[in-house]
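This is protein38.tsv. It holds TSV, C-alpha atoms.
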chain	number	residue	atom	x	y	z
T	282	MET	CA	43.65	92.20	30.39
T	283	LEU	CA	46.26	92.92	27.67
T	284	ALA	CA	48.61	94.39	30.25
T	285	LEU	CA	48.21	91.31	32.43
T	286	LYS	CA	48.96	88.92	29.56
T	287	LEU	CA	52.03	90.89	28.46
T	288	ALA	CA	53.22	91.17	32.06
T	289	PHE	CA	53.10	87.42	32.71
T	290	LYS	CA	54.66	86.68	29.30
T	291	ASN	CA	57.58	89.02	30.01
T	292	LEU	CA	57.87	87.76	33.57
T	293	LEU	CA	58.13	84.09	32.57
T	294	GLY	CA	60.49	85.02	29.75
T	295	ALA	CA	62.94	86.48	32.27
T	296	GLY	CA	63.70	82.95	33.45
T	297	LEU	CA	65.97	82.42	36.45
T	298	ARG	CA	65.89	86.04	37.60
T	299	THR	CA	62.11	85.87	38.02
T	300	TRP	CA	62.16	82.63	39.97
T	301	LEU	CA	64.88	83.85	42.30
T	302	ASN	CA	62.78	86.88	43.18
T	303	VAL	CA	59.65	84.75	43.51
T	304	SER	CA	61.46	82.25	45.76
T	305	VAL	CA	62.69	84.93	48.17
T	306	LEU	CA	59.27	86.60	48.25
T	307	SER	CA	57.51	83.28	48.81
T	308	PHE	CA	59.83	82.51	51.72
T	309	ALA	CA	58.96	85.85	53.30
T	310	PHE	CA	55.27	85.10	52.70
T	311	VAL	CA	55.48	81.68	54.36
T	312	LEU	CA	57.59	83.05	57.23
T	313	ILE	CA	55.05	85.75	58.04
T	314	ILE	CA	52.20	83.23	58.15
T	315	PHE	CA	54.27	80.73	60.14
T	316	PHE	CA	55.34	83.18	62.85
T	317	ASN	CA	51.94	84.81	63.28
T	318	GLY	CA	50.25	81.40	63.22
T	319	MET	CA	52.57	80.24	66.00
T	320	ILE	CA	51.86	83.34	68.10
T	321	ASP	CA	48.09	83.01	67.50
T	322	GLY	CA	48.27	79.34	68.45
T	323	TRP	CA	50.14	80.19	71.64
T	324	ASN	CA	47.59	82.92	72.38
T	325	ARG	CA	44.60	80.60	71.92
T	326	GLN	CA	46.22	77.78	73.85
T	327	GLY	CA	47.45	80.01	76.69
T	328	ARG	CA	44.09	81.75	77.10
T	329	LYS	CA	42.27	78.43	77.07
T	330	ASP	CA	44.59	76.90	79.70
T	331	THR	CA	44.48	79.98	81.94
T	332	ILE	CA	40.69	80.11	81.82
T	333	ALA	CA	40.44	76.38	82.52
T	334	TRP	CA	42.94	76.28	85.39
T	335	GLU	CA	42.86	79.71	87.02
T	336	THR	CA	40.45	82.46	85.97
T	337	GLY	CA	37.26	80.70	84.91
T	338	LYS	CA	34.72	82.88	83.12
T	339	GLY	CA	35.70	85.77	85.39
T	340	GLN	CA	36.22	86.45	89.07
T	341	PHE	CA	34.59	88.43	91.88
T	342	TRP	CA	37.28	89.89	94.15
T	343	HIS	CA	37.07	91.21	97.64
T	344	PRO	CA	37.46	95.02	97.30
T	345	GLU	CA	40.79	95.03	99.17
T	346	TYR	CA	42.34	92.09	97.30
T	347	ASP	CA	45.29	92.74	95.00
T	348	ARG	CA	47.03	89.65	93.63
T	349	PHE	CA	50.28	91.62	93.17
T	350	ASP	CA	50.30	93.07	96.68
T	351	PRO	CA	50.95	90.46	99.40
T	352	TYR	CA	50.18	93.00	102.12
T	353	THR	CA	46.51	92.98	101.12
T	354	ILE	CA	46.02	89.24	101.46
T	355	GLN	CA	45.59	89.01	105.22
T	356	ALA	CA	42.61	91.40	105.28
T	357	SER	CA	41.17	90.76	101.82
T	358	ASN	CA	38.43	88.26	102.56
T	359	GLY	CA	34.75	88.65	103.10
T	360	LEU	CA	31.73	86.77	104.38
T	361	MET	CA	29.75	85.08	101.61
T	362	SER	CA	26.06	85.95	101.55
T	363	ASP	CA	23.28	83.37	101.34
T	364	GLU	CA	22.95	84.19	97.62
T	365	ILE	CA	26.63	83.38	97.03
T	366	LEU	CA	26.46	80.22	99.14
T	367	LYS	CA	23.53	79.08	97.03
T	368	GLU	CA	25.55	79.65	93.85
T	369	THR	CA	28.51	77.73	95.26
T	370	GLU	CA	26.30	74.79	96.17
T	371	SER	CA	25.04	74.65	92.58
T	372	LYS	CA	28.69	74.69	91.37
T	373	ARG	CA	28.27	77.93	89.39
T	374	LEU	CA	30.67	79.83	91.64
T	375	VAL	CA	33.86	78.53	93.25
T	376	PRO	CA	34.95	80.40	96.40
T	377	ILE	CA	38.69	80.52	97.08
T	378	LEU	CA	40.26	81.68	100.32
T	379	VAL	CA	43.85	82.92	99.99
T	380	VAL	CA	46.24	82.87	102.97
T	381	GLN	CA	49.94	83.62	103.27
T	382	ALA	CA	51.97	80.96	105.06
T	383	THR	CA	55.41	79.48	105.52
T	384	ALA	CA	56.14	75.86	104.67
T	385	PHE	CA	59.02	73.85	106.12
T	386	PRO	CA	59.94	71.12	103.64
T	387	GLN	CA	62.85	68.99	104.91
T	388	GLY	CA	63.91	71.61	107.42
T	389	ARG	CA	63.92	74.50	104.94
T	390	SER	CA	61.56	77.48	105.06
T	391	LEU	CA	59.56	78.44	101.99
T	392	ALA	CA	57.02	81.24	101.56
T	393	VAL	CA	53.82	79.83	100.08
T	394	ILE	CA	50.23	80.75	99.35
T	395	LEU	CA	47.53	78.54	100.82
T	396	LYS	CA	44.35	78.37	98.75
T	397	GLY	CA	41.21	76.88	100.14
T	398	ILE	CA	38.93	75.42	97.48
T	399	ASP	CA	35.89	73.18	97.38
T	400	PRO	CA	37.07	69.62	96.58
T	401	MET	CA	33.81	69.00	94.68
T	402	GLN	CA	34.11	72.05	92.37
T	403	THR	CA	33.84	71.52	88.62
T	404	VAL	CA	34.56	75.02	87.27
T	405	LEU	CA	38.36	74.72	87.26
T	406	GLU	CA	40.40	71.75	86.07
T	407	LEU	CA	42.38	71.65	89.30
T	408	PRO	CA	42.35	67.99	90.50
T	409	VAL	CA	41.29	68.88	94.04
T	410	SER	CA	38.99	65.93	94.63
T	411	ALA	CA	41.97	64.33	96.36
T	412	LEU	CA	41.42	66.82	99.21
T	413	LEU	CA	38.41	64.86	100.43
T	414	SER	CA	39.39	63.26	103.72
T	415	ASP	CA	37.52	60.94	106.05
T	416	ASN	CA	40.45	59.74	108.15
T	417	GLY	CA	41.39	62.95	109.94
T	418	ILE	CA	44.37	63.71	107.66
T	419	ASP	CA	44.68	67.21	106.20
T	420	TYR	CA	45.47	66.56	102.55
T	421	ALA	CA	47.01	69.07	100.16
T	422	VAL	CA	47.40	69.25	96.39
T	423	ILE	CA	50.32	70.99	94.69
T	424	GLY	CA	51.56	71.54	91.15
T	425	LYS	CA	54.64	70.08	89.51
T	426	ARG	CA	56.60	73.36	89.72
T	427	MET	CA	55.83	73.65	93.42
T	428	ALA	CA	56.77	70.00	93.99
T	429	GLU	CA	60.12	70.48	92.26
T	430	SER	CA	61.00	73.69	94.12
T	431	ALA	CA	60.07	72.19	97.51
T	432	LYS	CA	61.35	68.69	96.63
T	433	LEU	CA	58.03	67.11	97.54
T	434	LYS	CA	56.18	64.09	96.21
T	435	VAL	CA	52.89	62.32	96.82
T	436	GLY	CA	52.70	60.98	100.37
T	437	ASP	CA	55.20	63.45	101.85
T	438	LYS	CA	54.21	65.32	104.98
T	439	LEU	CA	54.79	69.04	105.31
T	440	LEU	CA	54.66	71.46	108.24
T	441	ILE	CA	53.03	74.82	107.52
T	442	ARG	CA	52.74	77.91	109.70
T	443	TRP	CA	50.30	80.80	109.30
T	444	ARG	CA	48.60	83.67	111.12
T	445	ASP	CA	44.90	83.37	111.83
T	446	LYS	CA	42.45	86.28	111.63
T	447	ASN	CA	43.61	87.53	115.04
T	448	GLY	CA	47.26	87.55	114.01
T	449	THR	CA	48.11	84.53	116.14
T	450	PHE	CA	50.66	82.07	114.74
T	451	ASP	CA	49.57	78.49	114.35
T	452	ALA	CA	51.04	75.41	112.66
T	453	ARG	CA	49.79	72.14	111.26
T	454	GLU	CA	51.12	69.14	109.38
T	455	ILE	CA	49.61	68.36	105.99
T	456	GLN	CA	50.12	65.48	103.60
T	457	ILE	CA	50.60	65.77	99.82
T	458	ALA	CA	47.75	63.85	98.21
T	459	GLU	CA	48.43	64.66	94.56
T	460	VAL	CA	50.89	66.48	92.30
T	461	PHE	CA	49.33	67.83	89.14
T	462	LYS	CA	50.89	69.17	85.95
T	463	CYS	CA	49.60	72.30	84.23
T	464	ASP	CA	50.99	75.00	81.96
T	465	VAL	CA	49.69	77.95	84.03
T	466	PRO	CA	52.31	79.25	86.48
T	467	GLY	CA	49.74	81.25	88.44
T	468	ALA	CA	47.96	78.04	89.38
T	469	ASP	CA	51.16	76.26	90.38
T	470	ASN	CA	54.13	78.34	91.54
T	471	GLY	CA	54.20	78.59	95.32
T	472	GLN	CA	50.59	77.39	95.64
T	473	ILE	CA	49.29	74.79	98.10
T	474	TYR	CA	45.64	73.81	97.77
T	475	LEU	CA	43.65	72.75	100.82
T	476	SER	CA	40.01	72.01	101.37
T	477	LEU	CA	38.07	75.27	101.75
T	478	ARG	CA	36.48	74.17	104.99
T	479	THR	CA	39.84	73.11	106.39
T	480	LEU	CA	41.45	76.47	105.63
T	481	GLN	CA	38.42	78.39	106.92
T	482	GLU	CA	38.64	76.44	110.17
T	483	MET	CA	42.40	77.10	110.39
T	484	MET	CA	41.84	80.83	109.91
T	485	GLU	CA	38.64	80.94	112.00
T	486	LEU	CA	36.90	82.48	109.00
T	487	LYS	CA	33.75	80.44	108.51
T	488	ASN	CA	32.07	81.04	105.10
T	489	HIS	CA	34.73	83.56	104.11
T	490	ALA	CA	36.47	83.80	100.72
T	491	THR	CA	39.01	86.04	99.01
T	492	TYR	CA	37.55	85.76	95.53
T	493	LEU	CA	34.91	83.81	93.64
T	494	VAL	CA	35.54	82.10	90.31
T	495	ALA	CA	32.58	82.16	87.92
T	496	GLY	CA	31.77	79.14	85.77
T	497	GLU	CA	30.19	79.05	82.33
T	498	GLU	CA	26.71	78.51	83.80
T	499	PHE	CA	26.90	81.54	86.07
T	500	GLU	CA	24.61	84.35	84.92
T	501	ASP	CA	26.33	87.70	84.45
T	502	ARG	CA	25.30	89.97	87.29
T	503	GLU	CA	26.80	92.04	90.08
T	504	LEU	CA	27.35	90.72	93.58
T	505	GLU	CA	27.11	93.16	96.44
T	506	ASN	CA	30.44	93.92	98.16
T	507	TRP	CA	32.42	92.05	95.47
T	508	VAL	CA	34.28	93.55	92.50
T	509	PHE	CA	33.97	91.73	89.18
T	510	ARG	CA	37.16	91.18	87.17
T	511	ASP	CA	36.60	90.16	83.56
T	512	LEU	CA	38.97	88.16	81.37
T	513	ASP	CA	40.48	91.29	79.80
T	514	PHE	CA	41.66	92.33	83.26
T	515	LEU	CA	42.73	88.86	84.41
T	516	LEU	CA	44.62	88.10	81.18
T	517	GLU	CA	46.13	91.57	80.75
T	518	ASP	CA	49.70	90.46	81.47
T	519	PHE	CA	49.46	87.51	79.11
T	520	ASN	CA	48.02	89.71	76.36
T	521	LYS	CA	50.94	92.14	76.78
T	522	ILE	CA	53.41	89.29	76.36
T	523	ILE	CA	51.69	88.19	73.15
T	524	SER	CA	51.69	91.75	71.82
T	525	ALA	CA	55.39	92.13	72.63
T	526	LYS	CA	56.24	88.88	70.87
T	527	LYS	CA	54.28	89.93	67.80
T	528	ALA	CA	56.03	93.29	67.74
T	529	GLY	CA	59.45	91.68	68.06
T	530	GLY	CA	58.70	89.10	65.38
T	531	SER	CA	57.37	91.71	62.99
T	532	ILE	CA	60.85	93.25	62.78
T	533	MET	CA	62.27	90.03	61.37
T	534	GLN	CA	59.31	89.69	59.01
T	535	ILE	CA	59.76	93.24	57.74
T	536	PHE	CA	63.45	92.60	57.04
T	537	MET	CA	62.64	89.44	55.08
T	538	LEU	CA	59.94	91.24	53.10
T	539	LEU	CA	62.26	94.20	52.42
T	540	ILE	CA	64.93	91.90	51.01
T	541	ALA	CA	62.42	90.44	48.56
T	542	LEU	CA	61.00	93.85	47.65
T	543	ILE	CA	64.46	95.33	47.06
T	544	ALA	CA	65.20	92.46	44.68
T	545	ILE	CA	61.97	93.20	42.77
T	546	PHE	CA	62.79	96.93	42.71
T	547	ASP	CA	66.26	96.29	41.30
T	548	THR	CA	64.80	93.91	38.73
T	549	GLN	CA	62.30	96.52	37.59
T	550	VAL	CA	64.95	99.24	37.31
T	551	LEU	CA	67.18	96.95	35.25
T	552	SER	CA	64.24	95.82	33.13
T	553	ILE	CA	63.21	99.38	32.26
T	554	PHE	CA	66.82	100.27	31.41
T	555	ARG	CA	67.32	97.27	29.13
T	556	ARG	CA	63.88	97.35	27.46
T	557	GLN	CA	63.76	100.94	26.28
T	558	LYS	CA	63.18	99.97	22.66
T	559	GLU	CA	60.30	97.74	23.72
T	560	ILE	CA	58.79	100.63	25.69
T	561	GLY	CA	59.15	102.92	22.67
T	562	THR	CA	57.49	100.30	20.48
T	563	TYR	CA	54.52	100.06	22.81
T	564	ILE	CA	54.06	103.84	22.73
T	565	ALA	CA	54.54	103.96	18.95
T	566	LEU	CA	51.84	101.29	18.54
T	567	GLY	CA	49.36	103.60	20.25
T	568	MET	CA	49.57	102.64	23.91
T	569	THR	CA	49.33	105.48	26.34
T	570	ARG	CA	52.10	106.09	28.81
T	571	ALA	CA	49.76	105.04	31.63
T	572	GLN	CA	49.15	101.69	29.91
T	573	VAL	CA	52.87	101.05	29.52
T	574	VAL	CA	53.47	101.99	33.14
T	575	GLY	CA	50.64	99.60	34.00
T	576	ILE	CA	52.34	96.74	32.14
T	577	PHE	CA	55.56	97.12	34.11
T	578	THR	CA	53.71	97.66	37.38
T	579	VAL	CA	51.60	94.54	36.86
T	580	GLU	CA	54.70	92.68	35.77
T	581	GLY	CA	56.44	93.51	39.03
T	582	GLY	CA	53.32	92.91	41.08
T	583	ALA	CA	52.87	89.53	39.42
T	584	HIS	CA	55.92	88.39	41.39
T	585	SER	CA	53.70	88.37	44.45
T	586	ILE	CA	51.06	86.21	42.75
T	587	LEU	CA	53.66	83.65	41.70
T	588	ALA	CA	55.21	83.87	45.18
T	589	THR	CA	51.82	83.12	46.75
T	590	LEU	CA	51.35	80.09	44.51
T	591	LEU	CA	54.88	78.84	45.14
T	592	GLY	CA	54.51	79.43	48.87
T	593	ALA	CA	51.28	77.42	48.86
T	594	VAL	CA	53.09	74.48	47.23
T	595	TYR	CA	55.47	73.94	50.13
T	596	GLY	CA	53.74	76.04	52.80
T	597	ILE	CA	50.42	74.17	52.99
T	598	PRO	CA	52.01	70.72	53.65
T	599	LEU	CA	54.35	72.33	56.21
T	600	PHE	CA	51.52	74.10	58.03
T	601	LEU	CA	49.32	70.99	58.06
T	602	PHE	CA	52.19	68.97	59.50
T	603	LEU	CA	52.95	71.54	62.22
T	604	ASN	CA	49.27	71.84	63.05
T	605	LYS	CA	49.17	68.08	63.61
T	606	VAL	CA	52.38	67.47	65.57
T	607	GLY	CA	52.83	70.96	67.04
T	608	ILE	CA	56.05	72.82	67.78
T	609	SER	CA	57.84	71.44	70.82
T	610	PHE	CA	59.83	73.86	72.96
T	611	GLY	CA	60.37	71.56	75.92
T	612	VAL	CA	60.79	74.54	78.28
T	613	GLY	CA	57.21	75.47	79.18
T	614	GLN	CA	57.40	74.11	82.73
T	615	GLY	CA	60.49	76.15	83.55
T	616	MET	CA	59.12	79.56	82.56
T	617	ASP	CA	56.94	81.98	84.49
T	618	ILE	CA	54.55	82.51	81.58
T	619	THR	CA	51.70	80.39	80.32
T	620	LEU	CA	53.53	78.34	77.71
T	621	ALA	CA	52.84	74.71	76.91
T	622	GLU	CA	55.71	72.38	76.03
T	623	THR	CA	54.10	71.90	72.62
T	624	ILE	CA	52.35	74.72	70.78
T	625	TYR	CA	49.90	74.03	67.97
T	626	PRO	CA	49.90	76.90	65.46
T	627	TYR	CA	46.61	78.45	64.39
T	628	TYR	CA	46.33	79.70	60.83
T	629	SER	CA	43.16	81.73	60.46
T	630	ILE	CA	41.60	82.77	57.16
T	631	ARG	CA	42.05	86.39	58.24
T	632	LEU	CA	45.79	85.85	58.76
T	633	ILE	CA	46.26	84.23	55.35
T	634	ILE	CA	44.23	86.84	53.46
T	635	SER	CA	45.89	89.78	55.23
T	636	THR	CA	49.35	88.34	54.50
T	637	ILE	CA	48.51	87.84	50.82
T	638	LEU	CA	47.24	91.42	50.58
T	639	LEU	CA	50.38	92.72	52.33
T	640	VAL	CA	52.69	90.91	49.92
T	641	VAL	CA	50.69	91.79	46.79
T	642	VAL	CA	50.24	95.47	47.67
T	643	SER	CA	53.88	95.87	48.74
T	644	ALA	CA	55.21	94.24	45.57
T	645	THR	CA	52.90	96.33	43.38
T	646	ILE	CA	53.93	99.61	45.03
T	647	VAL	CA	57.63	98.74	44.75
T	648	SER	CA	57.10	97.86	41.07
T	649	TYR	CA	55.29	101.11	40.37
T	650	LEU	CA	58.00	103.39	41.75
T	651	PRO	CA	60.64	102.73	39.05
T	652	SER	CA	57.93	102.39	36.38
T	653	ARG	CA	57.07	106.08	36.76
T	654	LYS	CA	60.25	106.84	34.79
T	655	ILE	CA	58.46	105.61	31.67
T	656	SER	CA	56.01	108.53	31.76
T	657	LYS	CA	58.93	110.93	31.19
T	658	MET	CA	60.42	109.07	28.23
T	659	LYS	CA	60.12	110.34	24.66
T	660	PRO	CA	59.07	107.63	22.16
T	661	THR	CA	61.78	108.60	19.69
T	662	ASP	CA	64.51	108.43	22.32
T	663	ALA	CA	63.11	105.16	23.65
T	664	LEU	CA	63.22	103.61	20.15
T	665	LYS	CA	66.84	104.69	19.87
T	666	GLY	CA	67.59	103.20	23.29
T	667	LYS	CA	68.27	106.51	24.98
T	668	LEU	CA	67.01	106.99	28.52
T	669	GLN	CA	66.34	110.55	29.63

Represent the structure of the file as structure tokens.
Amino acid sequence: MLALKLAFKNLLGAGLRTWLNVSVLSFAFVLIIFFNGMIDGWNRQGRKDTIAWETGKGQFWHPEYDRFDPYTIQASNGLMSDEILKETESKRLVPILVVQATAFPQGRSLAVILKGIDPMQTVLELPVSALLSDNGIDYAVIGKRMAESAKLKVGDKLLIRWRDKNGTFDAREIQIAEVFKCDVPGADNGQIYLSLRTLQEMMELKNHATYLVAGEEFEDRELENWVFRDLDFLLEDFNKIISAKKAGGSIMQIFMLLIALIAIFDTQVLSIFRRQKEIGTYIALGMTRAQVVGIFTVEGGAHSILATLLGAVYGIPLFLFLNKVGISFGVGQGMDITLAETIYPYYSIRLIISTILLVVVSATIVSYLPSRKISKMKPTDALKGKLQ
């Protein structure tokens, strides 16, 4: 307790030098929380959007299906059993049939993926209810990215060509019923959504599907002849992007923290050099060398406590503001990763506590290193102002 009181007294008595160090350290503290909060917010938001628009609770794939291998698509579909059909009728599973095709918007050719989906499904947020048709028109739904690349809009008609299960080419004209906007490229880029029954009839694959999307109400269990893919597998690429961004950002955070720690280190070295007589007085008054080292170590470590308090003064209002209005990038729709135009940072208790511990422990260690010199000083030399 005595060491703590003396440390804070000496620290505040140093004046401007102390507050400069505290300001730099507090900025590093706030920067670490800000960046990691932004990445965590992007992670939460991206996972939530991907689950809502594309993956659901998980998916059951046909054994031959590989989303990164277009050569597997033609043969990667299977007949749905009565058990699966029952689950789809109760809206707990959503069957999707995937077919490669070529679209011809305005005389141009464009490779696309046709996806047949139940217009009445409720598992995914895809607005496919517009696919319901009672006038003989084959309606289609596309995303904003797809509409921009193909220069299509609601009401436009589009010729598509595909191979059926026998390898025979066929063609049909479809009409764009709706253009939706979402932040998940996998549910948008190059995708054209048709009614499941329509696509099954086009392919002559009645009751066939490529994969099944599980909803929240679906009970976890295996389905014969289907391979379950959990969210860790389906979101693996997105998780790698988040990890890479965190690793890249940590370099900048480390540099900022090092600048602040070097300033504290230099301050401690200078303080020990200039306060030799004070150190000798402490030892002459009966303090052990360990106690004196403790005073200077606590004194340097106290920078982190003041930095935390100062950072809270301007950091909390800043974080609350950003959490309310978000951080607008304005480029989410033009990128091939799940990134919303506005990201809302997420500042968890774990993040804040771990950052405080990082700053406090780092500052304390840096303060202790030059303080070890005190243990080698002779009281008589210290009183005379001589450093060994």

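Note that the spacing between atom CA of Gln534 of chain T and atom CA of Arg325 of chain T amounts to 21.6 Å.
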
>> I want to know what sits within 9 Å of Leu587 of chain T, based on only C-alpha atoms, with residues of the same chain fewer than 2 positions away left out; could you give that as a ChimeraX atom specification?
In response: /T:300,303-304,307,583-585,589-592

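Each of T:Thr449, T:Ser390, T:Thr383, T:Thr403 was compared to Met483 of chain T using only C-alpha atoms, and T:Thr449 turns out to be the nearest.
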
> So how far away is atom CA of Ile377 of chain T from atom CA of Leu480 of chain T, in Å?
Replying inline: 9.9 Å

> How far is it from atom CA of Ile441 of chain T to atom CA of Leu493 of chain T, in Å with one decimal?
Replying inline: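 Taking atom CA of Ile441 of chain T as the start and atom CA of Leu493 of chain T as the end point, the length is 24.5 Å.
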
> Residues around (49.6, 86.9, 71.5), cut-off 12 Å, counting only C-alpha atoms - what are they as a ChimeraX atom specification?
Replying inline: /T:316-328,516-530,619-620,626-627

>> Can you tell me which residues surround Ala588 of chain T at a distance of at most 12 Å, considering all atoms listed in the file, apart from same-chain residues fewer than 5 positions away, and format the answer as a list in words?
In response: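 The contact residues come out as Thr299, Trp300, Leu301, Asn302, Val303, Ser304, Val305, Leu306, Ser307, Phe308, Ala309, Phe310, Val311, Leu538, Ala541, Leu542, Ile545, Gly581, Gly582, Ala583, Ala593, Val594, Tyr595, Gly596, Thr636, Ile637, Val640, Val641 and Ala644 of chain T.
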
>> Neighbouring residues of Pro400 of chain T were defined as those with any atom within 6 Å, considering all atoms listed in the file; residues of the same chain fewer than 4 positions away were excluded. Please report them as a PyMOL selection string.
In response: chain T and resi 409-410+412

Specify the axis-aligned box that encloses all atoms of segment 360-379 of chain T listed in the file after padding of 5 Å on each side, stating its centre and edge lengths in Å to one decimal as lines of an AutoDock Vina configuration file.
center_x = 33.4
center_y = 80.7
center_z = 96.9
size_x = 30.9
size_y = 22.1
size_z = 25.0

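Candidate residues T:Glu622, T:Asp451, T:Asp347, T:Glu580 were compared for distance to Val647 of chain T, and the nearest is T:Glu580, using all atoms listed in the file.
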
> From the set T:Leu475, T:Asp437, T:Asn358, T:Asp419, which residue has the shortest atom-to-atom contact distance to Ile455 of chain T, counting all atoms listed in the file?
Replying inline: T:Asp419

For segment 506-520 of chain T of the block above, can you save N, CA and C atoms as a PDB file, in the first residue's frame?
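For reference, out_8.pdb as written:
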ATOM      1  N   ASN T 506     -27.603 -41.357 -47.198  1.00  0.00           N
ATOM      2  CA  ASN T 506     -27.147 -40.961 -48.535  1.00  0.00           C
ATOM      3  C   ASN T 506     -26.914 -39.454 -48.676  1.00  0.00           C
ATOM      4  N   TRP T 507     -26.879 -38.731 -47.561  1.00  0.00           N
ATOM      5  CA  TRP T 507     -26.594 -37.295 -47.575  1.00  0.00           C
ATOM      6  C   TRP T 507     -25.508 -37.002 -46.548  1.00  0.00           C
ATOM      7  N   VAL T 508     -24.602 -36.093 -46.893  1.00  0.00           N
ATOM      8  CA  VAL T 508     -23.473 -35.750 -46.025  1.00  0.00           C
ATOM      9  C   VAL T 508     -23.760 -34.414 -45.334  1.00  0.00           C
ATOM     10  N   PHE T 509     -23.719 -34.425 -44.005  1.00  0.00           N
ATOM     11  CA  PHE T 509     -24.012 -33.196 -43.264  1.00  0.00           C
ATOM     12  C   PHE T 509     -22.790 -32.281 -43.225  1.00  0.00           C
ATOM     13  N   ARG T 510     -23.010 -31.010 -43.514  1.00  0.00           N
ATOM     14  CA  ARG T 510     -21.973 -29.984 -43.429  1.00  0.00           C
ATOM     15  C   ARG T 510     -22.390 -28.972 -42.370  1.00  0.00           C
ATOM     16  N   ASP T 511     -21.598 -28.879 -41.298  1.00  0.00           N
ATOM     17  CA  ASP T 511     -21.955 -27.956 -40.222  1.00  0.00           C
ATOM     18  C   ASP T 511     -21.471 -26.546 -40.549  1.00  0.00           C
ATOM     19  N   LEU T 512     -21.761 -25.610 -39.639  1.00  0.00           N
ATOM     20  CA  LEU T 512     -21.434 -24.213 -39.895  1.00  0.00           C
ATOM     21  C   LEU T 512     -19.926 -23.975 -39.912  1.00  0.00           C
ATOM     22  N   ASP T 513     -19.174 -24.751 -39.143  1.00  0.00           N
ATOM     23  CA  ASP T 513     -17.715 -24.595 -39.169  1.00  0.00           C
ATOM     24  C   ASP T 513     -17.171 -24.869 -40.565  1.00  0.00           C
ATOM     25  N   PHE T 514     -17.739 -25.847 -41.232  1.00  0.00           N
ATOM     26  CA  PHE T 514     -17.313 -26.185 -42.600  1.00  0.00           C
ATOM     27  C   PHE T 514     -17.807 -25.135 -43.590  1.00  0.00           C
ATOM     28  N   LEU T 515     -19.068 -24.757 -43.480  1.00  0.00           N
ATOM     29  CA  LEU T 515     -19.672 -23.837 -44.439  1.00  0.00           C
ATOM     30  C   LEU T 515     -19.115 -22.422 -44.317  1.00  0.00           C
ATOM     31  N   LEU T 516     -18.685 -22.047 -43.112  1.00  0.00           N
ATOM     32  CA  LEU T 516     -18.167 -20.690 -42.888  1.00  0.00           C
ATOM     33  C   LEU T 516     -16.645 -20.666 -42.778  1.00  0.00           C
ATOM     34  N   GLU T 517     -16.001 -21.733 -43.216  1.00  0.00           N
ATOM     35  CA  GLU T 517     -14.544 -21.834 -43.069  1.00  0.00           C
ATOM     36  C   GLU T 517     -13.817 -20.697 -43.779  1.00  0.00           C
ATOM     37  N   ASP T 518     -14.214 -20.381 -45.002  1.00  0.00           N
ATOM     38  CA  ASP T 518     -13.545 -19.312 -45.747  1.00  0.00           C
ATOM     39  C   ASP T 518     -13.723 -17.965 -45.066  1.00  0.00           C
ATOM     40  N   PHE T 519     -14.929 -17.708 -44.594  1.00  0.00           N
ATOM     41  CA  PHE T 519     -15.194 -16.438 -43.919  1.00  0.00           C
ATOM     42  C   PHE T 519     -14.374 -16.335 -42.632  1.00  0.00           C
ATOM     43  N   ASN T 520     -14.292 -17.439 -41.891  1.00  0.00           N
ATOM     44  CA  ASN T 520     -13.506 -17.429 -40.653  1.00  0.00           C
ATOM     45  C   ASN T 520     -12.029 -17.168 -40.937  1.00  0.00           C
TER      46      ASN T 520
END
